[in-house]
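Heads up, the thing below is written out as structure tokens.
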Amino acid sequence: MTILVTGGAGFIGANFVLDWLAASSETVVNLDKLTYAGNLETLTSLQNNANHVFVRGDIGDLALVESLLQTHQPRAVVNFAAESHVDRSIHGPGEFIETNIMGTFRLLEAVRGYWSGLPQEEMHPRVKPENDKHLTQSSFRFLHVSTDEVYGSLSKDDPAFAETHRYEPNSPYSASKAASDHLVRAWHHTYGLPVLTTNCSNNYGPYHFPEKLIPLMIVNALAGKPLPVYGDGMQVRDWLYVKDHCSAIRRVLEAGRLGETYNVGGWNEKPNIEIVQTVCKLLDALRPKADGTHYSSQITYVTDRPGHDRRYAIDARKLEQELGWKPAETFESGIRKTVEWYLANPQWVSNVQSGAYRDWVQKQYAGADRKP
Ligand code: NAD
Ligand code: TYD
């Protein structure tokens with residue numbers, strides 16, 4: 001059997017593909033546009049893995065997606081592809097509308113066409129062809145990966161976001177993700193497409209592009225640069241180790257109820273300044289500065305992000321109680337692993353930062369062939 005993963009060269013998608021292929025013999029077709037955030041280097045260990053088929057392309061390219069679906073006949077599509085950084089969405093929302101809304105719409109249309117051509121019922125075993133893969137309209141799944149940011153901002157004493165919380169997105173990023181969630185919902189209610197949606201809190205871990213808070217702080221600290229904390233640094237985010245997000249997606253794909261949304265989080269709310277201090281302390285212990293000063297001396301308070309959401313917090317009880325999911329990492333174990341990973345992988349960081357690897361990829365793709 002095969003699954004189609006979109007955005008599988010990005011932070012969470014790549015972790016998902018790596019984990020999936022480590023545990024399963026199913027083929028993964030990985031469709032990624034390779035924007036600045038997508039890095040094939042993250043997938044180097046899969047170069048000789050026949051179960052990984054990488055395709056460079058856009059989820060909004062209807063003809064390409066239709067042909068991939070027909071060729072590979074996936075039993076599921078997991079949609080990670082998106083523009084994902086709030087600050088970028090403030091400076092230039094266009095790409096967010098294009099990929100997160102229009103791209104999801106076109107992807108849904110391609111998937112709907114493919115799905116409606118699948119057999120409705122499983123055939124009787126005696127008439128089943130030898131190579132029948134038991135793929136039917138009811139066994140197919142479209143899983144849409146989304147964010148808790150669609151729910152808006154909480155004040156200090158509000159209960160955490162449950163799945164029933166109203167949508168109140170505040171940034172161009174979260175508004176575009178909210179729109180995509182609504183499209184996915186509508187394709188279920190109107191056309192019967194078997195969809196699942198996950199709304200996860202902030203992730204951290206290996207292969208995180210160093211524009212997001214945690215990897216940026218690690219990379220800037222090591223480079224002796226300022227650690228820019230927005231506003232008073234007391235905004236609260238709810239942090240989940242990326243591998244735990246991936247295990248939640250696998251669980252929802254396996255057992256989630258059709259048309260349902262599942263919030264994913266590890267009950268791990270922390271103010272940003274505490275996160276930055278924790279990163280600094282770990283670096284002090286693991287890579288002490290030559291001049292004996294602490295990394296926290298690099299912390300610099302800067303102008304706040306416009307429209308900055310004050311607090312996010314996820315109530316993950318539905319996923320825990322209905323599907324029995326639990327995160328494997330505590331914040332303490334996950335953040336230590338993350339800092340250790342960045343210390344051990346300076347080459348990955350400098351490649352994604354310099355764009356050298358992306359230039360190499362552009363050259364590789366100068367010809368018509370899509371496969372690296
Ligand atoms: P990312 O920015 O690291 O990766 C996104 C990937 O999508 C990249 O590889 C990029 O090349 C690819 N992509 C972008 N536009 C594309 C297009 N039009 N067609 C095909 N591929 C395209 O993002 P991430 O942090 O890995 O997030 C993945 C998904 O998870 C996103 O949908 C995001 O909204 C969601 N999410 C992220 C977080 C988080 O903390 N990072 C939390 C909850 C949900
Ligand atoms: P980020 O990693 O961009 O994720 P999101 O905006 O999707 O939650 O930011 C996490 C928090 O850290 C958010 O409150 C903004 C803050 N932040 C800083 O204070 N400084 C920074 O340089 C960055 C990138 C983020």
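Identifiers for the structure tokens are assigned positionally: chains receive A, B, ... in sequence, residues are indexed from 1 per chain, and ligands are indexed from 1 in the order shown.
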Please produce, as a tab-separated table, a per-residue contact table for chain A versus ligand 1 (criterion: any atom at most 7 Å away, only C-alpha atoms and all ligand atoms considered), showing the nearest atom pair and its distance in Å to one decimal, sorted by chain then residue number.
residue	atom	partner	partner_atom_place_in_ligand_line	distance
A:Thr6	CA	ligand 1	21 (N)	5.9
A:Gly7	CA	ligand 1	7 (O)	3.6
A:Gly8	CA	ligand 1	9 (O)	5.7
A:Ala9	CA	ligand 1	9 (O)	4.0
A:Gly10	CA	ligand 1	9 (O)	3.2
A:Phe11	CA	ligand 1	26 (O)	3.6
A:Ile12	CA	ligand 1	26 (O)	3.7
A:Gly13	CA	ligand 1	26 (O)	5.3
A:Leu31	CA	ligand 1	20 (C)	6.0
A:Asp32	CA	ligand 1	21 (N)	3.7
A:Lys33	CA	ligand 1	21 (N)	4.0
A:Leu34	CA	ligand 1	11 (O)	3.6
A:Thr35	CA	ligand 1	11 (O)	3.9
A:Tyr36	CA	ligand 1	11 (O)	6.4
A:Ala37	CA	ligand 1	8 (C)	4.7
A:Gly38	CA	ligand 1	9 (O)	3.1
A:Asn39	CA	ligand 1	9 (O)	6.4
A:Gly57	CA	ligand 1	20 (C)	5.7
A:Asp58	CA	ligand 1	19 (N)	3.4
A:Ile59	CA	ligand 1	19 (N)	4.1
A:Gly60	CA	ligand 1	18 (N)	6.0
A:Asn79	CA	ligand 1	32 (O)	6.9
A:Phe80	CA	ligand 1	29 (C)	4.1
A:Ala81	CA	ligand 1	7 (O)	3.6
A:Ala82	CA	ligand 1	14 (C)	4.4
A:Glu83	CA	ligand 1	14 (C)	5.2
A:Ser84	CA	ligand 1	2 (O)	4.6
A:His85	CA	ligand 1	2 (O)	6.7
A:Thr99	CA	ligand 1	18 (N)	4.5
A:Gly103	CA	ligand 1	18 (N)	5.9
A:Val145	CA	ligand 1	32 (O)	5.3
A:Ser146	CA	ligand 1	44 (C)	4.5
A:Thr147	CA	ligand 1	44 (C)	3.8
A:Asp148	CA	ligand 1	43 (C)	6.5
A:Lys177	CA	ligand 1	34 (O)	6.5
A:Asn199	CA	ligand 1	43 (C)	6.2
A:Cys200	CA	ligand 1	43 (C)	4.2
A:Ser201	CA	ligand 1	42 (C)	5.1
A:Asn202	CA	ligand 1	40 (O)	3.6
A:Asn203	CA	ligand 1	40 (O)	3.8
A:Tyr204	CA	ligand 1	40 (O)	6.6
A:His208	CA	ligand 1	3 (O)	6.4
A:Phe209	CA	ligand 1	3 (O)	6.1
Could you list, with a cut-off of 7 Å and counting only C-alpha atoms and all ligand atoms, the residues of chain A near ligand 2, each shown with its nearest atom pair and the distance in Å rounded to one decimal, rows sorted by chain and ascending number, as a Markdown table?
| residue | atom | partner | partner_atom_place_in_ligand_line | distance |
| --- | --- | --- | --- | --- |
| A:His85 | CA | ligand 2 | 3 (O) | 5.9 |
| A:Val86 | CA | ligand 2 | 6 (O) | 5.2 |
| A:Asp87 | CA | ligand 2 | 3 (O) | 6.5 |
| A:Asn202 | CA | ligand 2 | 8 (O) | 6.1 |
| A:Glu211 | CA | ligand 2 | 24 (C) | 5.5 |
| A:Lys212 | CA | ligand 2 | 2 (O) | 3.6 |
| A:Leu213 | CA | ligand 2 | 2 (O) | 3.8 |
| A:Ile214 | CA | ligand 2 | 2 (O) | 6.6 |
| A:Leu216 | CA | ligand 2 | 22 (O) | 6.6 |
| A:Leu227 | CA | ligand 2 | 22 (O) | 7.0 |
| A:Pro228 | CA | ligand 2 | 22 (O) | 4.9 |
| A:Val229 | CA | ligand 2 | 19 (O) | 3.7 |
| A:Tyr230 | CA | ligand 2 | 19 (O) | 3.8 |
| A:Gly233 | CA | ligand 2 | 19 (O) | 6.0 |
| A:Gln235 | CA | ligand 2 | 14 (O) | 5.3 |
| A:Val236 | CA | ligand 2 | 14 (O) | 6.6 |
| A:Arg237 | CA | ligand 2 | 8 (O) | 6.3 |
| A:Asn272 | CA | ligand 2 | 12 (O) | 5.6 |
| A:His308 | CA | ligand 2 | 14 (O) | 6.8 |
| A:Asp309 | CA | ligand 2 | 14 (O) | 6.9 |
Could those selected residues go to a file with N, CA, C and O atoms, as a tab-separated table (two decimals), in the first residue's frame?
chain	number	residue	atom	x	y	z
A	85	HIS	N	4.97	30.24	8.56
A	85	HIS	CA	5.56	31.17	9.54
A	85	HIS	C	4.76	32.47	9.67
A	85	HIS	O	4.61	33.22	8.70
A	86	VAL	N	4.29	32.73	10.90
A	86	VAL	CA	3.42	33.89	11.15
A	86	VAL	C	4.09	35.20	10.72
A	86	VAL	O	3.46	36.03	10.05
A	87	ASP	N	5.37	35.38	11.07
A	87	ASP	CA	6.03	36.65	10.72
A	87	ASP	C	6.06	36.87	9.21
A	87	ASP	O	5.83	37.97	8.71
A	202	ASN	N	2.27	24.34	19.16
A	202	ASN	CA	3.62	24.59	18.62
A	202	ASN	C	4.52	23.37	18.75
A	202	ASN	O	4.65	22.80	19.83
A	211	GLU	N	13.99	29.91	11.71
A	211	GLU	CA	13.29	31.20	11.75
A	211	GLU	C	12.26	31.16	12.88
A	211	GLU	O	11.75	32.18	13.30
A	212	LYS	N	11.94	29.94	13.36
A	212	LYS	CA	10.95	29.77	14.43
A	212	LYS	C	11.68	29.90	15.78
A	212	LYS	O	12.90	29.70	15.86
A	213	LEU	N	10.91	30.18	16.83
A	213	LEU	CA	11.52	30.60	18.10
A	213	LEU	C	12.67	29.69	18.57
A	213	LEU	O	13.79	30.18	18.77
A	214	ILE	N	12.39	28.40	18.77
A	214	ILE	CA	13.40	27.56	19.43
A	214	ILE	C	14.67	27.37	18.58
A	214	ILE	O	15.77	27.66	19.06
A	216	LEU	N	15.76	29.25	16.19
A	216	LEU	CA	16.41	30.55	16.00
A	216	LEU	C	17.25	30.91	17.23
A	216	LEU	O	18.37	31.41	17.11
A	227	LEU	N	19.39	37.45	20.89
A	227	LEU	CA	18.25	36.53	20.95
A	227	LEU	C	16.99	37.40	21.05
A	227	LEU	O	16.64	37.88	22.14
A	228	PRO	N	16.33	37.66	19.92
A	228	PRO	CA	15.23	38.65	19.91
A	228	PRO	C	13.94	38.11	20.53
A	228	PRO	O	13.31	37.21	20.01
A	229	VAL	N	13.57	38.68	21.67
A	229	VAL	CA	12.32	38.29	22.34
A	229	VAL	C	11.29	39.38	22.07
A	229	VAL	O	11.53	40.56	22.37
A	230	TYR	N	10.15	39.00	21.48
A	230	TYR	CA	9.14	39.98	21.09
A	230	TYR	C	8.39	40.50	22.32
A	230	TYR	O	7.93	39.71	23.16
A	233	GLY	N	7.84	39.16	26.24
A	233	GLY	CA	8.27	37.75	26.33
A	233	GLY	C	7.34	36.88	27.16
A	233	GLY	O	7.63	35.71	27.44
A	235	GLN	N	4.23	36.02	26.29
A	235	GLN	CA	3.24	35.29	25.48
A	235	GLN	C	3.45	33.80	25.75
A	235	GLN	O	4.58	33.32	25.89
A	236	VAL	N	2.34	33.08	25.80
A	236	VAL	CA	2.40	31.66	26.17
A	236	VAL	C	2.12	30.79	24.94
A	236	VAL	O	1.17	31.05	24.19
A	237	ARG	N	2.98	29.79	24.73
A	237	ARG	CA	2.75	28.78	23.69
A	237	ARG	C	2.77	27.42	24.38
A	237	ARG	O	3.35	27.25	25.45
A	272	ASN	N	7.26	32.54	26.50
A	272	ASN	CA	8.42	32.53	25.59
A	272	ASN	C	9.75	32.76	26.32
A	272	ASN	O	10.74	32.11	26.02
A	308	HIS	N	0.03	40.16	17.89
A	308	HIS	CA	0.62	38.97	18.54
A	308	HIS	C	-0.39	38.28	19.48
A	308	HIS	O	-0.82	38.87	20.47
A	309	ASP	N	-0.72	37.02	19.20
A	309	ASP	CA	-1.62	36.28	20.09
A	309	ASP	C	-0.94	36.06	21.44
A	309	ASP	O	0.22	35.67	21.50
Which residues are close to Tyr357 in chain A, i.e. within 10 Å by only C-alpha atoms, leaving aside same-chain residues fewer than 6 positions away? Reply as a list of chain:residue names.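 Near Tyr357 in chain A, the qualifying residues are A:Asn39, A:Leu40, A:Glu41, A:Trp348, A:Ser350, A:Asn351, A:Lys363.
For the atom pair formed by CA of Lys270 in chain A and CA of Arg336 in chain A, the distance is 15.7 Å, given to one decimal.
Near Leu183 in chain A, within a cut-off of 10 Å and counting only C-alpha atoms, sit the residues Ile101, Met102, Thr104, Phe105, Leu108, Lys177, Ala178, Ala179, Ser180, Asp181, Arg185, Ala186, Trp187, His188 and His189 of chain A, with same-chain residues fewer than 2 positions away left out.
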Emit the selected residues as a PDB file, in the first residue's frame, including C-alpha atoms.
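again_3.pdb written:
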ATOM      1  CA  ILE A 101      -6.229  28.157   0.741  1.00  0.00           C
ATOM      2  CA  MET A 102      -6.074  27.754  -3.050  1.00  0.00           C
ATOM      3  CA  THR A 104      -5.701  22.999  -0.334  1.00  0.00           C
ATOM      4  CA  PHE A 105      -8.776  23.622  -2.498  1.00  0.00           C
ATOM      5  CA  LEU A 108      -9.117  18.499  -2.319  1.00  0.00           C
ATOM      6  CA  LYS A 177      -5.180  27.707   7.864  1.00  0.00           C
ATOM      7  CA  ALA A 178      -8.691  28.291   9.234  1.00  0.00           C
ATOM      8  CA  ALA A 179      -9.967  28.671   5.670  1.00  0.00           C
ATOM      9  CA  SER A 180      -8.289  25.402   4.682  1.00  0.00           C
ATOM     10  CA  ASP A 181      -9.843  23.622   7.674  1.00  0.00           C
ATOM     11  CA  ARG A 185     -14.836  20.131   6.545  1.00  0.00           C
ATOM     12  CA  ALA A 186     -17.063  21.181   3.648  1.00  0.00           C
ATOM     13  CA  TRP A 187     -15.636  18.502   1.325  1.00  0.00           C
ATOM     14  CA  HIS A 188     -16.705  15.947   3.931  1.00  0.00           C
ATOM     15  CA  HIS A 189     -20.169  17.337   4.544  1.00  0.00           C
TER      16      HIS A 189
END
Under the rule of at most 8 Å, produce a per-residue listing of range 206-249 of chain A near range 275-290 of chain A: chain, number, name, the closest pair of atoms, and the distance in Å, as CSV, using only C-alpha atoms.
residue,atom,partner,partner_atom,distance
A:Ile214,CA,A:Val276,CA,7.4
A:Met217,CA,A:Val276,CA,6.8
A:Ile218,CA,A:Val279,CA,6.7
A:Ala221,CA,A:Cys280,CA,7.5
Got time to write the residues from that selection, N, CA and C atoms, as a compact mmCIF listing (two decimals), in the first residue's frame?
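Once written, part_14.txt looks like this:
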# COMPACT_ATOMS: atom_id res chain seq x y z
N ILE A 214 12.39 28.40 18.77
CA ILE A 214 13.40 27.56 19.43
C ILE A 214 14.67 27.37 18.58
N MET A 217 16.69 30.64 18.41
CA MET A 217 17.43 30.98 19.64
C MET A 217 18.71 30.14 19.76
N ILE A 218 18.62 28.84 19.43
CA ILE A 218 19.80 27.98 19.52
C ILE A 218 20.88 28.47 18.55
N ALA A 221 22.23 31.96 19.43
CA ALA A 221 23.07 31.90 20.64
C ALA A 221 24.46 31.41 20.28
One decimal, in Å: what's the spacing between CA of Arg250 in chain A and CA of His165 in chain A?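 Going from CA of Arg250 in chain A over to CA of His165 in chain A, I get 23.8 Å.
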Give me, as a PyMOL selection string, the residues of range 194-359 of chain A that a backbone DSSP run labels alpha helix (DSSP H). chain A and resi 213-222+242-255+272-286+317-323+331-344+346-354+356-359
Please return as a ChimeraX atom specification: the residues of range 113-304 of chain A that backbone DSSP assigns to strand (DSSP E). /A:141-147,195-200,202-204,227-230,236-241,261-264,269-271,299-302
Next, write the just-selected residues to a file, as an mmCIF file, in the first residue's frame, keeping C-alpha atoms as the atom set.
data_model
loop_
_atom_site.group_PDB
_atom_site.id
_atom_site.type_symbol
_atom_site.label_atom_id
_atom_site.label_comp_id
_atom_site.auth_asym_id
_atom_site.auth_seq_id
_atom_site.Cartn_x
_atom_site.Cartn_y
_atom_site.Cartn_z
ATOM 1 C CA ARG A 141 -8.527 8.845 4.206
ATOM 2 C CA PHE A 142 -7.606 12.493 3.684
ATOM 3 C CA LEU A 143 -5.858 13.807 6.791
ATOM 4 C CA HIS A 144 -5.382 17.560 6.999
ATOM 5 C CA VAL A 145 -2.675 18.815 9.365
ATOM 6 C CA SER A 146 -3.608 22.108 10.992
ATOM 7 C CA THR A 147 -2.806 24.339 13.901
ATOM 8 C CA VAL A 195 -11.496 13.453 6.027
ATOM 9 C CA LEU A 196 -9.778 13.899 9.375
ATOM 10 C CA THR A 197 -8.294 17.139 10.723
ATOM 11 C CA THR A 198 -5.688 17.576 13.439
ATOM 12 C CA ASN A 199 -5.064 20.931 15.155
ATOM 13 C CA CYS A 200 -1.729 20.874 16.932
ATOM 14 C CA ASN A 202 3.622 24.590 18.622
ATOM 15 C CA ASN A 203 6.101 21.884 17.630
ATOM 16 C CA TYR A 204 9.845 21.773 18.235
ATOM 17 C CA LEU A 227 18.245 36.527 20.950
ATOM 18 C CA PRO A 228 15.235 38.648 19.914
ATOM 19 C CA VAL A 229 12.318 38.285 22.338
ATOM 20 C CA TYR A 230 9.143 39.984 21.092
ATOM 21 C CA VAL A 236 2.404 31.657 26.165
ATOM 22 C CA ARG A 237 2.746 28.782 23.693
ATOM 23 C CA ASP A 238 1.983 25.104 24.292
ATOM 24 C CA TRP A 239 4.969 23.019 23.129
ATOM 25 C CA LEU A 240 4.990 19.495 21.708
ATOM 26 C CA TYR A 241 7.995 17.475 20.536
ATOM 27 C CA THR A 261 -11.141 17.119 14.318
ATOM 28 C CA TYR A 262 -8.602 16.172 16.978
ATOM 29 C CA ASN A 263 -6.583 18.674 18.996
ATOM 30 C CA VAL A 264 -2.985 17.596 19.571
ATOM 31 C CA GLU A 269 2.275 25.811 28.332
ATOM 32 C CA LYS A 270 5.269 28.066 28.791
ATOM 33 C CA PRO A 271 5.956 31.785 28.378
ATOM 34 C CA ILE A 299 18.671 38.111 25.176
ATOM 35 C CA THR A 300 17.360 41.324 23.587
ATOM 36 C CA TYR A 301 13.778 42.532 23.938
ATOM 37 C CA VAL A 302 12.536 43.826 20.582
#
